[in-house]
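Have a look at the structure below, then the notes.
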Amino acid sequence: MIFNTDKQTLTDLNILGKPGADSIYTVFNHTSTRGGAAVLEDMFRYPLAEKSAINNRSGKIRFLQSVDAGFPFSSGLFDAIEGYLAVQDDRTRLSPEGNTLARKFNHLIAADTNFKTVSDGVRSVIEMLHTLQGFFIDMTKMSADHPYLPDIAEMKKLLQDPALELVLQEPAGTKLPYEKVVAYDQLLRFRFRNELGKMLSLIYHLDVYITVANVAAQRKFIFPVALDAGSHHIRLEGVYHPQVPKAVPNTIHITPENNVVFLTGANMAGKSTFMKSLGIAMFLAHMGFPVPAEKMEFAVRDGIYTTINLPDDLSSGSSHFYTEVLRIKKIARELSKARNLLLIFDELFRGTNVKDAYEGTVAVTAAFAERENGVFVISTHITEAGEVLKEQCSNIQFIFLPTRMENNKPVYTYRLAEGITTDRHGMIIIKNEGILDIIGKKKDKNKDV
Amino acid sequence: MSFLADKQTLDDLNIPGRYNNKSIYRIFDNVITGGGRKLLDDMFRYPLTDHLAINERSSIFQYFDKNPAVLPFSGESFSIVENYLTTGAGATMPAAAWNIVYRKLLKTVIRDNSYELLVTGLEKTITLLIAFRDFIYKLAELGAYGPVQEQVEKIRQIFNDRRLLWLRKETDVKNIPLPKLIKYDYQLRTGCLEEMKTVIDIIYQFDVYIAVSTVARTKHFCYASALPKHKNVINISGLFHPSVEHAVPNDISFHPASNVAFLTGANMAGKSTFMKSFGIAVFLSHMGFPVPATEMEFSVKDGLFSTINVPDNLEHGYSHFYAEVLRVKSVAEQVGASKDLVVIFDELFKGTNVKDAYDATLAITAAFSEHTNCFFIISSHIIEVGEALKKEDGSFRFLYLPTVMEGNVPRYTYQLKEGITADRHGMIIIGNEGLIALILKRE
């Protein structure tokens with residue numbers, strides 16, 4: 001099954017980002033090999049939607065982190081191997097009869113590049129296989145049973161062939177005679193091409209696991225536990241945004257009894273950041289990756305859709321409103337397919353006037369509350385909507401991000417609190433800016449006269 | 001002092017911009033000369049704040065509106081002439097002569113084309129001058145050339161100059177013999193250089209007058225009459241938006257006893273368009289330009305501020321609400337500085353909760369209304385603000401743009417009415433799109 005998400009969501013959460021710019025992908029993008037980077041990107045593009053697959057991957061990463069495994073290969077090795085294996089042209093195949101005096105003589109005058117490439121390739125593959133053997137021994141020594149063993153078994157199986165065992169008996173790094181190069185080239189590049197390809201893919205995955213394990217250790221990310229989809233349960237403790245310096249951690253607990261989260265707070269209080277942190281944690285968790293939090297358990301979802309920064313078409317207020325309506329419509333269609341989704345809406349209907357936004361928010365949120373197959377996080381600055389929803393629905397949990405006034409300046413704690421905010425800072429800001437006094441100036445002047 | 005209108009206002013009303021198809025500038029940009037365009041640019045950049053100057057400029061446009069005229073040459077030929085006249089010949093007659101002879105020599109020896117260019121330039125210039133002179137004389141014949149009298153007199157003087165009398169006799173501009181060629185070239189480019197510059201300047205001006213008055217005639221604009229500041233009044237009837245096709249005209253008036261118009265109506269009912277039309281009319285009238293209306297009189301104001309599309313500045317850490325607050329503050333500073341202003345606010349305080357939006361809109365509107373020397377249009381969806389303002393004994397006027405429901409489909413009349421409406425159609429759109437039903441649907 002595929003984990004559903006869309007471009008808007010990836011942009012909102014800054015998962016892949018623009019080339020060259022920071023994103024969640026760049027947090028993890030420290031693989032040793034180029035193949036590893038490609039595998040990592042694939043994992044980001046296709047998160048998992050099955051509990052076993054998620055727990056499996058996260059188990060491997062967690063294990064590799066626990067044994068403090070290092071990537072045993074030198075990173076340049078794979079560029080040589082990839083280049084070597086990529087050439088499948090029969091004309092480059094060496095022939096056993098080719099080792100003539102003429103070739104040797106020619107080689108003295110000008111290097112035989114074809115032979116050199118092939119023999120370098122063969123040597124690199126042999127080196128890789130040797131390192132792999134060593135790695136196998138290290139890994140099997142760790143413990144009798146661990147999550148990475150299946151991968152090792154798979155790799156070993158690929159090597160189970162008398163012909164390949166012969167290759168392995170060759171010591172690493174030695175110069176091979178012509179006949180052996182010819183024979184091994186035939187084996188590695190042609191006969192066992194598919195096996196070697198699979199092997200490389202497994203090694204690239206290993207690279208990703210080790211890299212992610214290192215990032216997790218460095219950044220103190222934790223490994224979430226995936227639960228059955230049916231439990232509709234998310235418990236996130238100390239979740240924070242990985243790209244915000246000194247981010248304040250927050251805790252949220254979503255159950256089927258309160259699967260709609262209604263978040264209020266002033267505009268700068270950190271609503272969007274919290275929603276993004278939640279979205280990122282859930283996204284990473286569905287990749288089987290470690291997450292920026294203290295503890296996490298989650299029921300597997302079929303998809304995430306966020307609406308945080310809907311592209312603004314400010315030239316006409318109504319069209320922005322209409323864009324939002326269409327977006328909700330699209331998501332509602334997904335919902336009606338009985339998919340288990342996580343839906344995040346920041347500032348629902350902010351493109352229209354307060355009154356319309358108020359009515360729209362109430363109507364849409366109340367309708368969402370009827371859907372037990374969704375987990376909804378909805379933020380708004382229209383606190384009045386919350387009061388009405390409190391009366392209407394029983395499965396909404398109300399949280400807010402508080403604003404404290406200190407010396408008439410708003411101070412934000414970024415720490416979630418339960419309830420609906422009663423902060424009414426609109427008029428305070430207007431008073432702080434002294435607008436009414438500025439307007440009133442002339443009146444006073446007239447009085448003086 | 002120039003008329004105040006900041007970038008936000010100009011953007012809201014879409015006034016400047018030669019490369020912007022829908023801008024107001026483009027409507028008038030039918031000039032054919034580069035200098036005329038520069039003049040037009042300046043008029044757009046610096047609207048006037050003196051009612052006499054405004055009426056004077058407006059009367060010139062009206063004159064050309066009544067006496068339709070077309071410059072007797074094309075933009076291309078004018079630019080050739082302009083180029084010819086401004087390059088300058090020799091400082092003395094012999095120098096100019098040598099210049100021509102030298103080119104003629106070059107032509108025969110190395111087939112250089114500069115001699116021909118010079119002769120064409122001269123010929124075109126003579127043709128154009130004759131045509132323009134006739135054009136001016138025709139205006140003069142019409143007699144009542146009142147507002148452009150000064151320019152017409154200047155042109156007549158120049159053509160009566162002893163040094164340029166030959167212009168009258170020259171009818172065949174082709175094949176001018178060399179001695180005459182030398183003489184004319186010297187007179188036009190050196191002898192009468194100042195006079196020629198004056199002619200060019202006047203052509204620029206006439207270019208603008210004709211372009212603007214033609215727009216007024218074809219688009220059925222009217223000429224606003226400017227009143228001195230202390231009259232403190234704006235009356236417009238038949239106001240429409242120049243870029244909207246089949247725009248519905250509306251009337252609006254302001255005076256100290258009714259200086260705040262509180263406008264309500266649904267999103268698509270035409271609030272923004274109406275407010276923009278008003279802003280555009282105020283701006284154009286202060287330029288002395290024709291306005292999109294059937295009738296308009298106004299007392300001169302110091303500036304115009306509109307807040308129709310406040311850009312979000314979330315990247316800069318401002319919330320939408322704060323951006324709005326800062327905008328209101330900057331306008332308040334101008335109002336507080338005892339300036340006579342026209343202020344347009346469309347749907348203030350979107351980025352906050354209903355209660356705050358209500359409080360803020362009410363407080364700001366009430367405070368502004370005390371400045372009877374300023375005129376305000378404030379639109380809002382919070383009809384409660386209107387009800388509250390009604391109770392106050394203020395100089396408010398309540399207007400709305402109606403929505404007529406035909407079944408489930410809203411239709412808009414775009415015709416202003418007195419009163420307050422609770423029309424909103426956010427929920428209608430949500431309903432029409434079947435949003436709620438879709439969310440609740442199960443497959």
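Identifiers in this document derive from the order of the structure tokens: chains are assigned A, B, ..., residues are numbered from 1 separately in each chain, and ligands are numbered from 1 in order of occurrence.
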
Expected answer as JSON, numbers by chain: alpha helix (DSSP H) residues in stretch 38-101 of chain B: {"B": [38, 39, 40, 41, 42, 43, 44, 45, 51, 52, 53, 54, 55, 56, 57, 58, 59, 60, 61, 62, 63, 64, 65, 66, 75, 76, 77, 78, 79, 80, 81, 82, 83, 84, 85, 86, 87, 93, 94, 95, 96, 97, 98, 99, 100, 101]}

Residue neighbourhood stretch 23-25 of chain A, 9 Å, only C-alpha atoms, exclusion window fewer than 4 positions, as a ChimeraX atom specification: /A:13-18,29,40-41,44,242-243,280

Each residue of chain B with at least one atom at most 6 Å from chain A should appear once, together with its nearest atom pair and the corresponding distance in Å (one decimal); atoms considered: only C-alpha atoms; ordering: chain, then increasing residue number; output as a tab-separated table.
residue	atom	partner	partner_atom	distance
B:Ser319	CA	A:Asn267	CA	5.7
B:Lys329	CA	A:Ile435	CA	5.4
B:Ala332	CA	A:Ile439	CA	5.3
B:Glu333	CA	A:Ile438	CA	5.9
B:Gly336	CA	A:Ile439	CA	4.8
B:Lys350	CA	A:Asn353	CA	5.5
B:Thr352	CA	A:His381	CA	5.7
B:Asn353	CA	A:Ile382	CA	4.1
B:Val354	CA	A:Val354	CA	5.7
B:Asp356	CA	A:Gly426	CA	5.4
B:Gly426	CA	A:Asp356	CA	5.2
B:Leu435	CA	A:Lys329	CA	5.9
B:Leu438	CA	A:Ala332	CA	5.9
B:Ile439	CA	A:Ala332	CA	4.7
B:Lys441	CA	A:Ser336	CA	5.5
B:Arg442	CA	A:Ser336	CA	4.8
B:Glu443	CA	A:Lys337	CA	5.8

Neighbour list for stretch 149-155 of chain A as a ChimeraX atom specification, cut-off 10 Å, only C-alpha atoms, skip fewer than 6 positions in-chain: /A:60,132-133,135-137,139-140,143,195-196,198-200,202-203,205-206

Expected file: the selected residues, N, CA and C atoms, as a short mmCIF file (atom, residue, chain, number, x, y, z; two decimals), in the first residue's frame:
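Just written: part-v1.cif:
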data_model
loop_
_atom_site.label_atom_id
_atom_site.label_comp_id
_atom_site.auth_asym_id
_atom_site.auth_seq_id
_atom_site.Cartn_x
_atom_site.Cartn_y
_atom_site.Cartn_z
N LYS A 60 15.98 -1.88 12.24
CA LYS A 60 17.34 -1.99 11.70
C LYS A 60 18.17 -0.77 12.07
N LEU A 132 32.99 -6.97 2.89
CA LEU A 132 31.67 -7.47 3.25
C LEU A 132 31.78 -8.69 4.16
N GLN A 133 32.71 -9.60 3.80
CA GLN A 133 32.91 -10.79 4.63
C GLN A 133 33.26 -10.40 6.06
N PHE A 135 32.56 -7.67 7.51
CA PHE A 135 31.39 -7.04 8.12
C PHE A 135 30.41 -8.11 8.61
N PHE A 136 30.24 -9.15 7.79
CA PHE A 136 29.35 -10.25 8.18
C PHE A 136 29.80 -10.82 9.52
N ILE A 137 31.09 -11.07 9.62
CA ILE A 137 31.61 -11.68 10.84
C ILE A 137 31.33 -10.78 12.04
N MET A 139 29.01 -8.54 12.35
CA MET A 139 27.59 -8.44 12.63
C MET A 139 27.03 -9.69 13.31
N THR A 140 27.52 -10.85 12.86
CA THR A 140 26.99 -12.09 13.46
C THR A 140 27.52 -12.25 14.87
N SER A 143 25.09 -10.33 18.24
CA SER A 143 24.15 -11.10 19.06
C SER A 143 23.54 -12.17 18.17
N GLU A 195 23.00 -10.41 -9.29
CA GLU A 195 23.30 -10.64 -7.88
C GLU A 195 24.11 -9.47 -7.32
N LEU A 196 25.09 -9.04 -8.10
CA LEU A 196 25.91 -7.91 -7.63
C LEU A 196 25.08 -6.65 -7.51
N LYS A 198 21.90 -6.45 -6.77
CA LYS A 198 21.13 -6.56 -5.53
C LYS A 198 22.01 -6.31 -4.31
N MET A 199 23.22 -6.84 -4.41
CA MET A 199 24.18 -6.65 -3.32
C MET A 199 24.44 -5.17 -3.09
N LEU A 200 24.68 -4.46 -4.20
CA LEU A 200 24.96 -3.03 -4.09
C LEU A 200 23.78 -2.32 -3.44
N LEU A 202 21.61 -3.49 -1.39
CA LEU A 202 21.59 -3.77 0.04
C LEU A 202 22.65 -2.94 0.78
N ILE A 203 23.80 -2.81 0.13
CA ILE A 203 24.87 -2.02 0.76
C ILE A 203 24.46 -0.54 0.86
N HIS A 205 21.45 0.58 1.07
CA HIS A 205 20.50 0.67 2.18
C HIS A 205 21.23 0.71 3.51
N LEU A 206 22.25 -0.16 3.62
CA LEU A 206 23.04 -0.17 4.85
C LEU A 206 23.63 1.22 5.11
#

Residue neighbourhood A:Ile54, 9 Å, only C-alpha atoms, exclusion window fewer than 4 positions, as JSON, numbers by chain: {"A": [47, 48, 49, 50, 58, 59, 225, 226, 285, 286, 287, 288, 289, 300]}

Expected file: the selected residues, C-alpha atoms, as a tab-separated table (two decimals), in the first residue's frame:
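Written output follows (part.tsv):
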chain	number	residue	atom	x	y	z
A	47	PRO	CA	7.00	6.67	2.94
A	48	LEU	CA	5.55	3.39	4.19
A	49	ALA	CA	1.96	2.69	5.10
A	50	GLU	CA	2.37	-0.68	6.76
A	58	SER	CA	13.19	1.48	12.21
A	59	GLY	CA	14.36	-1.68	14.02
A	225	VAL	CA	6.73	2.74	17.61
A	226	ALA	CA	4.16	2.03	14.91
A	285	ALA	CA	7.76	8.06	11.49
A	286	HIS	CA	6.08	6.64	8.39
A	287	MET	CA	9.47	6.33	6.78
A	288	GLY	CA	10.62	4.27	9.76
A	289	PHE	CA	13.02	7.07	10.58
A	300	VAL	CA	-0.16	3.94	10.96

Neighbour list for B:Tyr102 as an MDAnalysis selection string, cut-off 12 Å, only C-alpha atoms, skip fewer than 4 positions in-chain: chainID B and resid 94:98 106:110 112:115 118 182

B:Gly288 surroundings by only C-alpha atoms, 9 Å radius, close-in-sequence under 2 positions cut, as a list of chain:residue names: B:Pro47, B:Leu48, B:His51, B:Ala53, B:Ile54, B:Asn55, B:Glu56, B:Arg57, B:Ser58, B:Ser59, B:Phe61, B:Tyr223, B:Ala224, B:Ser225, B:Ala226, B:Leu284, B:Ser285, B:His286, B:Pro290, B:Val291

Atom-to-atom span, atom CA of A:Ala172 and atom CA of A:Pro147, Å: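 Computing the Euclidean distance for atom CA of A:Ala172 and atom CA of A:Pro147 yields 29.4 Å.
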
Stretch 88-239 of chain B: residues DSSP assigns to strand (DSSP E or B), reported as number ranges by chain: B: 222-223, 225-227, 234-239

Coordinates-based distance that separates atom CA of A:Pro292 from atom CA of A:Ser277 (Å, one decimal):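 According to the coordinates, atom CA of A:Ser277 and atom CA of A:Pro292 are separated by 8.3 Å.
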
Atom-to-atom span, atom CA of B:Asn83 and atom CA of B:Lys104, Å: 20.1 Å

Residue contacts of B:Cys374 (12 Å, only C-alpha atoms) excluding same-chain residues fewer than 4 positions away, as a VMD selection string: (chain A and resid 439 442) or (chain B and resid 229 to 230 232 to 234 254 to 261 299 to 305 331 to 332 334 to 344 367 to 370 395)
